[in-house]
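protein.txt follows; it contains compact mmCIF, C-alpha atoms.
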```txt
# COMPACT_ATOMS: atom_id res chain seq x y z
CA MET A 1 -37.36 0.38 -21.16
CA TRP A 2 -41.16 0.30 -21.18
CA ARG A 3 -41.16 0.44 -24.98
CA VAL A 4 -38.80 -2.52 -25.13
CA PHE A 5 -41.01 -4.38 -22.67
CA LEU A 6 -44.08 -3.81 -24.87
CA GLN A 7 -42.16 -4.92 -27.95
CA GLY A 8 -41.61 -8.29 -26.27
CA GLY A 9 -45.23 -9.20 -26.79
CA PRO A 10 -47.91 -10.57 -24.45
CA ILE A 11 -45.59 -13.22 -22.99
CA MET A 12 -43.72 -10.40 -21.21
CA TRP A 13 -46.53 -10.07 -18.66
CA PRO A 14 -46.12 -13.62 -17.27
CA LEU A 15 -42.38 -12.99 -17.23
CA LEU A 16 -42.96 -9.80 -15.25
CA VAL A 17 -45.08 -11.70 -12.72
CA THR A 18 -42.44 -14.42 -12.30
CA SER A 19 -39.70 -11.82 -11.82
CA CYS A 20 -41.73 -10.03 -9.13
CA ILE A 21 -42.38 -13.32 -7.32
CA ALA A 22 -38.71 -14.25 -7.50
CA LEU A 23 -37.67 -10.85 -6.15
CA ALA A 24 -40.13 -11.09 -3.25
CA VAL A 25 -38.95 -14.60 -2.32
CA VAL A 26 -35.28 -13.65 -2.49
CA VAL A 27 -35.72 -10.52 -0.35
CA GLU A 28 -37.77 -12.41 2.26
CA ARG A 29 -35.28 -15.30 2.40
CA LEU A 30 -32.27 -13.01 2.71
CA LEU A 31 -33.94 -11.16 5.57
CA PHE A 32 -34.71 -14.51 7.20
CA ILE A 33 -31.10 -15.68 6.88
CA GLU A 34 -29.81 -12.44 8.36
CA TRP A 35 -32.33 -12.64 11.22
CA GLU A 36 -31.32 -16.22 12.02
CA ARG A 37 -27.64 -15.25 11.89
CA ARG A 38 -28.22 -12.55 14.49
CA ARG A 39 -30.14 -14.98 16.70
CA ARG A 40 -27.35 -17.54 16.73
CA ASP A 41 -26.19 -18.25 20.28
CA ARG A 42 -23.30 -20.70 20.20
CA ALA A 43 -22.52 -19.99 23.86
CA THR A 44 -25.90 -21.42 24.85
CA VAL A 45 -25.32 -24.49 22.67
CA ASP A 46 -21.99 -25.05 24.44
CA GLU A 47 -23.73 -24.57 27.79
CA ILE A 48 -26.34 -27.20 26.88
CA LEU A 49 -23.63 -29.67 25.96
CA ARG A 50 -21.62 -28.90 29.11
CA GLN A 51 -24.61 -29.30 31.43
CA THR A 52 -25.58 -32.53 29.69
CA GLU A 53 -22.06 -33.86 30.17
CA ASN A 54 -22.32 -33.02 33.88
CA GLY A 55 -25.68 -34.77 34.14
CA GLU A 56 -27.64 -31.53 34.62
CA ILE A 57 -30.35 -32.34 32.08
CA ALA A 58 -32.96 -30.02 33.62
CA GLY A 59 -30.54 -27.09 33.47
CA ALA A 60 -29.71 -27.88 29.84
CA ILE A 61 -33.42 -27.89 28.93
CA ARG A 62 -33.96 -24.56 30.69
CA ALA A 63 -31.01 -23.04 28.82
CA ALA A 64 -32.43 -24.29 25.52
CA ASN A 65 -35.87 -22.88 26.27
CA ARG A 66 -34.38 -19.45 26.95
CA SER A 67 -32.48 -19.38 23.66
CA ARG A 68 -33.73 -18.31 20.23
CA ASP A 69 -30.96 -20.25 18.48
CA PHE A 70 -32.37 -22.95 16.19
CA VAL A 71 -29.68 -25.47 17.17
CA ALA A 72 -30.40 -24.92 20.85
CA ARG A 73 -34.11 -25.43 20.24
CA VAL A 74 -33.44 -28.77 18.54
CA LEU A 75 -31.24 -29.95 21.39
CA GLY A 76 -33.74 -28.80 24.00
CA TYR A 77 -36.61 -30.61 22.30
CA GLY A 78 -34.56 -33.79 22.10
CA LEU A 79 -33.63 -33.64 25.77
CA ALA A 80 -37.21 -32.92 26.82
CA HIS A 81 -38.44 -36.05 25.00
CA ARG A 82 -35.41 -38.28 25.60
CA GLU A 83 -37.38 -40.77 27.70
CA ARG A 84 -39.68 -41.69 24.81
CA SER A 85 -37.38 -41.57 21.79
CA PHE A 86 -34.38 -39.28 21.83
CA SER A 87 -33.36 -39.83 18.19
CA ASN A 88 -36.90 -39.39 16.86
CA ALA A 89 -37.38 -36.24 18.92
CA LEU A 90 -34.16 -34.78 17.51
CA LEU A 91 -35.21 -35.74 13.99
CA ARG A 92 -38.63 -34.12 14.36
CA ALA A 93 -37.20 -30.88 15.78
CA ALA A 94 -34.49 -30.77 13.11
CA ASN A 95 -37.04 -31.25 10.32
CA GLN A 96 -39.15 -28.40 11.69
CA GLU A 97 -36.17 -26.04 11.78
CA LEU A 98 -34.87 -27.06 8.35
CA GLU A 99 -38.34 -26.58 6.88
CA ARG A 100 -38.10 -22.93 7.88
CA PHE A 101 -34.79 -22.63 6.01
CA SER A 102 -36.09 -24.37 2.88
CA ARG A 103 -39.27 -22.28 2.62
CA GLY A 104 -39.49 -20.55 -0.75
CA LEU A 105 -36.75 -22.59 -2.42
CA ALA A 106 -39.28 -24.64 -4.37
CA VAL A 107 -40.76 -21.40 -5.74
CA LEU A 108 -37.34 -20.17 -6.87
CA ASP A 109 -36.55 -23.55 -8.41
CA THR A 110 -39.81 -23.42 -10.37
CA ILE A 111 -39.13 -19.89 -11.59
CA ILE A 112 -35.60 -20.80 -12.70
CA THR A 113 -37.11 -23.54 -14.86
CA LEU A 114 -40.24 -21.65 -15.94
CA ALA A 115 -38.71 -18.32 -17.01
CA PRO A 116 -36.59 -19.70 -19.90
CA LEU A 117 -39.56 -21.78 -21.06
CA LEU A 118 -41.75 -18.68 -21.12
CA GLY A 119 -39.01 -16.90 -23.05
CA LEU A 120 -38.92 -19.80 -25.49
CA LEU A 121 -42.68 -19.54 -25.86
CA GLY A 122 -42.26 -15.86 -26.66
CA THR A 123 -39.66 -16.83 -29.25
CA VAL A 124 -42.05 -19.25 -30.92
CA THR A 125 -44.99 -16.82 -30.95
CA GLY A 126 -42.77 -14.03 -32.29
CA LEU A 127 -41.48 -16.20 -35.11
CA ILE A 128 -45.01 -17.37 -35.92
CA ARG A 129 -46.03 -13.72 -36.15
CA SER A 130 -43.07 -12.92 -38.40
CA PHE A 131 -43.66 -15.80 -40.78
CA GLY A 132 -47.36 -15.01 -40.84
CA LEU A 133 -46.59 -11.48 -41.95
CA LEU A 134 -44.44 -12.79 -44.78
CA GLY A 135 -47.54 -14.07 -46.50
CA THR A 136 -49.58 -10.90 -46.05
CA HIS A 137 -47.03 -8.12 -46.53
CA GLU A 138 -44.76 -7.24 -49.33
CA LEU A 139 -41.06 -7.71 -48.80
CA GLY A 140 -40.69 -3.96 -49.08
CA ALA A 141 -42.11 -3.50 -45.57
CA PRO A 142 -39.47 -5.13 -43.40
CA ALA A 143 -40.50 -3.31 -40.20
CA ALA A 144 -43.58 -5.45 -39.75
CA ILE A 145 -41.53 -8.64 -40.17
CA THR A 146 -38.62 -7.63 -37.95
CA GLY A 147 -41.07 -6.63 -35.24
CA GLY A 148 -41.96 -10.28 -34.69
CA ILE A 149 -38.29 -11.26 -34.63
CA ALA A 150 -37.58 -8.54 -32.07
CA GLU A 151 -40.47 -9.84 -29.98
CA ALA A 152 -38.91 -13.29 -30.05
CA LEU A 153 -35.45 -12.08 -29.04
CA ILE A 154 -36.68 -9.74 -26.29
CA ALA A 155 -38.82 -12.44 -24.63
CA THR A 156 -35.95 -14.92 -24.75
CA ALA A 157 -33.51 -12.42 -23.27
CA PHE A 158 -35.88 -11.54 -20.42
CA GLY A 159 -36.59 -15.19 -19.65
CA LEU A 160 -32.91 -16.07 -19.51
CA GLY A 161 -32.15 -12.95 -17.47
CA ILE A 162 -34.73 -13.88 -14.84
CA ALA A 163 -33.44 -17.45 -14.60
CA ILE A 164 -29.79 -16.40 -14.34
CA THR A 165 -30.55 -13.72 -11.76
CA ALA A 166 -32.63 -16.09 -9.61
CA LEU A 167 -30.06 -18.89 -9.83
CA ILE A 168 -27.44 -17.04 -7.79
CA PRO A 169 -29.56 -16.45 -4.64
CA PHE A 170 -31.08 -19.93 -5.07
CA ASN A 171 -27.65 -21.54 -4.76
CA TYR A 172 -26.75 -19.24 -1.87
CA LEU A 173 -29.92 -20.16 0.03
CA ASN A 174 -29.31 -23.85 -0.62
CA ALA A 175 -25.81 -23.45 0.82
CA ARG A 176 -27.23 -21.81 3.96
CA LEU A 177 -29.72 -24.68 4.27
CA GLU A 178 -26.89 -27.21 4.13
CA ASP A 179 -24.90 -25.21 6.69
CA ALA A 180 -27.87 -25.29 9.07
CA ARG A 181 -28.28 -29.03 8.49
CA HIS A 182 -24.62 -29.70 9.27
CA GLU A 183 -24.69 -27.58 12.43
CA ILE A 184 -27.77 -29.39 13.71
CA GLU A 185 -26.34 -32.82 12.89
CA ASP A 186 -23.01 -32.02 14.54
CA ALA A 187 -24.59 -30.70 17.75
CA ALA A 188 -27.13 -33.55 17.88
CA THR A 189 -24.42 -36.20 17.45
CA HIS A 190 -22.33 -34.55 20.15
CA LEU A 191 -25.31 -34.48 22.51
CA GLU A 192 -26.13 -38.13 21.85
CA LEU A 193 -22.55 -39.16 22.61
CA LEU A 194 -22.67 -37.25 25.88
CA LEU A 195 -25.89 -39.01 26.88
CA MET A 196 -24.33 -42.37 26.11
CA LYS A 197 -21.34 -41.79 28.40
CA PRO A 198 -23.10 -42.69 31.67
CA ARG A 199 -24.40 -45.90 30.10
CA GLU A 200 -20.92 -46.86 28.94
CA THR A 201 -19.56 -46.16 32.39
CA GLN A 202 -22.22 -48.34 34.01
CA THR A 203 -21.54 -51.12 31.51
CA ARG A 204 -17.81 -51.14 32.34
CA ALA A 205 -18.62 -51.16 36.05
```

As structure tokens, please, write out the structure in this file.
Amino acid sequence: MWRVFLQGGPIMWPLLVTSCIALAVVVERLLFIEWERRRRDRATVDEILRQTENGEIAGAIRAANRSRDFVARVLGYGLAHRERSFSNALLRAANQELERFSRGLAVLDTIITLAPLLGLLGTVTGLIRSFGLLGTHELGAPAAITGGIAEALIATAFGLGIAITALIPFNYLNARLEDARHEIEDAATHLELLLMKPRETQTRA
């Protein structure tokens, strides 16, 4: 394997760096997703909504402050700042939580685009080397010529392999980000409707 890596030429070193970065980001993000899954506390979210419906806003805020669930934290922040701007408070808290979920995705996206381009660069440099050898070597020494072609093919294969491998966890992490966004939006909309109920009742009266 090491011999094949060396045959790929100097462009293999940037490809190795990008693969290591992608691996580190994927491992860290998967651990983060698993950690957040274990910290989910839907019972507390239901308690916050129930206490808000009963008009016990202080109790709902206390329940949110005790929880490590990201949805509960968003709801608690919105309730704590409802007097100033409830919708803006929810939006700010939601953006902070979603930023945690999207961390590292830009790096993976860059690597997915960069790795094939580096492989293509390796292809070009390998072909340049091969055609350059055609003018300096006799046709009876094919090993020197095919070495450049092998360099081109190896670099391309590694670049595509990195991009394909990184694409799968990238899509998975994007799906988890969208799931978190939908859960926050659903709970925030539910909470806003509950806060509007007393106003509607007073308007009818």

Would you mind telling me which residue in A:Glu53, A:Glu47, A:Thr18, A:Phe101 lies nearest to A:Arg176 when using only C-alpha atoms?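 Distance minimum relative to A:Arg176 lands on A:Phe101.
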
Separation of atom CA of A:Ile21 from atom CA of A:Trp35 in Å: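 Interatomic distance, atom CA of A:Trp35 to atom CA of A:Ile21: 21.1 Å.
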
State, in Å with one decimal place, the distance from atom CA of A:Leu6 to atom CA of A:Ile164. 21.8 Å

Using all atoms listed in the file, which of the listed residues (A:Leu79, A:Leu30, A:Ala163, A:Ile128) sits closest to A:Gln51?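 Among the listed residues, A:Leu79 lies closest to A:Gln51.
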
Measure the distance from atom CA of A:Leu177 to atom CA of A:Leu31 in Å and round it to one decimal.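 Interatomic distance here is 14.2 Å.
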
For a quick check of understanding, using all atoms listed in the file, which of A:Ala188, A:Leu193, A:Ala157, A:Val26 has the smallest distance to A:Ala72?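 Ranking A:Ala188, A:Leu193, A:Ala157, A:Val26 by distance to A:Ala72, first place goes to A:Ala188.
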
Measuring between only C-alpha atoms, which one of A:Leu23, A:Arg42, A:Glu192, A:Gly9 shows the shortest distance to A:Thr156?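 Of A:Leu23, A:Arg42, A:Glu192, A:Gly9, the one nearest A:Thr156, counting only C-alpha atoms, is A:Gly9.
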
Using all atoms listed in the file: which of A:Asp41, A:Glu36, A:Asp109, A:Glu97 has the shortest distance to A:Ala22: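 Result for the nearest residue to A:Ala22: A:Asp109.
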
Among A:Leu194, A:Ala60, A:Ala24, A:Ile11, A:Pro169 is approached most closely, using all atoms listed in the file, by A:Ala24

Using all atoms listed in the file, which residues sit within 10 Å of A:Leu75 once same-chain residues fewer than 5 positions away are excluded, as a list in words?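 In the requested format, the answer is Val45, Ile48, Leu49, Ala60, Ile61, Ala64, Asn65, Phe70, Ala80, Phe86, Ala89, Leu90, Ala93, Ala94, Ile184, Ala187, Ala188, Leu191 and Glu192 of chain A.
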
Stretch 176-197 of chain A rebuilt with N, CA and C atoms, output as a PDB file, keeping the file's coordinate frame:
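As a result, selection-v4.pdb now contains:
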```pdb
ATOM      1  N   ARG A 176     -26.884 -22.124   2.565  1.00  0.00           N
ATOM      2  CA  ARG A 176     -27.230 -21.810   3.960  1.00  0.00           C
ATOM      3  C   ARG A 176     -28.072 -22.922   4.573  1.00  0.00           C
ATOM      4  N   LEU A 177     -28.929 -23.545   3.782  1.00  0.00           N
ATOM      5  CA  LEU A 177     -29.720 -24.680   4.270  1.00  0.00           C
ATOM      6  C   LEU A 177     -28.816 -25.837   4.652  1.00  0.00           C
ATOM      7  N   GLU A 178     -27.821 -26.123   3.825  1.00  0.00           N
ATOM      8  CA  GLU A 178     -26.890 -27.210   4.130  1.00  0.00           C
ATOM      9  C   GLU A 178     -26.043 -26.877   5.355  1.00  0.00           C
ATOM     10  N   ASP A 179     -25.653 -25.613   5.501  1.00  0.00           N
ATOM     11  CA  ASP A 179     -24.900 -25.210   6.690  1.00  0.00           C
ATOM     12  C   ASP A 179     -25.723 -25.451   7.957  1.00  0.00           C
ATOM     13  N   ALA A 180     -27.000 -25.072   7.911  1.00  0.00           N
ATOM     14  CA  ALA A 180     -27.870 -25.290   9.070  1.00  0.00           C
ATOM     15  C   ALA A 180     -28.032 -26.780   9.356  1.00  0.00           C
ATOM     16  N   ARG A 181     -28.144 -27.593   8.307  1.00  0.00           N
ATOM     17  CA  ARG A 181     -28.280 -29.030   8.490  1.00  0.00           C
ATOM     18  C   ARG A 181     -27.023 -29.623   9.156  1.00  0.00           C
ATOM     19  N   HIS A 182     -25.867 -29.187   8.703  1.00  0.00           N
ATOM     20  CA  HIS A 182     -24.620 -29.700   9.270  1.00  0.00           C
ATOM     21  C   HIS A 182     -24.446 -29.276  10.726  1.00  0.00           C
ATOM     22  N   GLU A 183     -24.815 -28.046  11.047  1.00  0.00           N
ATOM     23  CA  GLU A 183     -24.690 -27.580  12.430  1.00  0.00           C
ATOM     24  C   GLU A 183     -25.619 -28.366  13.349  1.00  0.00           C
ATOM     25  N   ILE A 184     -26.838 -28.617  12.895  1.00  0.00           N
ATOM     26  CA  ILE A 184     -27.770 -29.390  13.710  1.00  0.00           C
ATOM     27  C   ILE A 184     -27.265 -30.821  13.889  1.00  0.00           C
ATOM     28  N   GLU A 185     -26.818 -31.438  12.804  1.00  0.00           N
ATOM     29  CA  GLU A 185     -26.340 -32.820  12.890  1.00  0.00           C
ATOM     30  C   GLU A 185     -25.124 -32.934  13.798  1.00  0.00           C
ATOM     31  N   ASP A 186     -24.207 -31.970  13.702  1.00  0.00           N
ATOM     32  CA  ASP A 186     -23.010 -32.020  14.540  1.00  0.00           C
ATOM     33  C   ASP A 186     -23.361 -31.884  16.009  1.00  0.00           C
ATOM     34  N   ALA A 187     -24.213 -30.899  16.348  1.00  0.00           N
ATOM     35  CA  ALA A 187     -24.590 -30.700  17.750  1.00  0.00           C
ATOM     36  C   ALA A 187     -25.408 -31.874  18.273  1.00  0.00           C
ATOM     37  N   ALA A 188     -26.306 -32.427  17.446  1.00  0.00           N
ATOM     38  CA  ALA A 188     -27.130 -33.550  17.880  1.00  0.00           C
ATOM     39  C   ALA A 188     -26.280 -34.794  18.124  1.00  0.00           C
ATOM     40  N   THR A 189     -25.311 -35.039  17.263  1.00  0.00           N
ATOM     41  CA  THR A 189     -24.420 -36.200  17.450  1.00  0.00           C
ATOM     42  C   THR A 189     -23.590 -36.034  18.715  1.00  0.00           C
ATOM     43  N   HIS A 190     -23.095 -34.829  18.939  1.00  0.00           N
ATOM     44  CA  HIS A 190     -22.330 -34.550  20.150  1.00  0.00           C
ATOM     45  C   HIS A 190     -23.183 -34.787  21.395  1.00  0.00           C
ATOM     46  N   LEU A 191     -24.415 -34.313  21.368  1.00  0.00           N
ATOM     47  CA  LEU A 191     -25.310 -34.480  22.510  1.00  0.00           C
ATOM     48  C   LEU A 191     -25.614 -35.955  22.753  1.00  0.00           C
ATOM     49  N   GLU A 192     -25.829 -36.699  21.700  1.00  0.00           N
ATOM     50  CA  GLU A 192     -26.130 -38.130  21.850  1.00  0.00           C
ATOM     51  C   GLU A 192     -24.948 -38.882  22.445  1.00  0.00           C
ATOM     52  N   LEU A 193     -23.745 -38.522  22.044  1.00  0.00           N
ATOM     53  CA  LEU A 193     -22.550 -39.160  22.610  1.00  0.00           C
ATOM     54  C   LEU A 193     -22.411 -38.843  24.096  1.00  0.00           C
ATOM     55  N   LEU A 194     -22.750 -37.611  24.475  1.00  0.00           N
ATOM     56  CA  LEU A 194     -22.670 -37.250  25.880  1.00  0.00           C
ATOM     57  C   LEU A 194     -23.689 -38.021  26.713  1.00  0.00           C
ATOM     58  N   LEU A 195     -24.875 -38.245  26.152  1.00  0.00           N
ATOM     59  CA  LEU A 195     -25.890 -39.010  26.880  1.00  0.00           C
ATOM     60  C   LEU A 195     -25.528 -40.482  26.991  1.00  0.00           C
ATOM     61  N   MET A 196     -24.729 -40.966  26.077  1.00  0.00           N
ATOM     62  CA  MET A 196     -24.330 -42.370  26.110  1.00  0.00           C
ATOM     63  C   MET A 196     -23.189 -42.642  27.077  1.00  0.00           C
ATOM     64  N   LYS A 197     -22.487 -41.594  27.506  1.00  0.00           N
ATOM     65  CA  LYS A 197     -21.340 -41.790  28.400  1.00  0.00           C
ATOM     66  C   LYS A 197     -21.700 -42.463  29.706  1.00  0.00           C
TER      67      LYS A 197
END
```
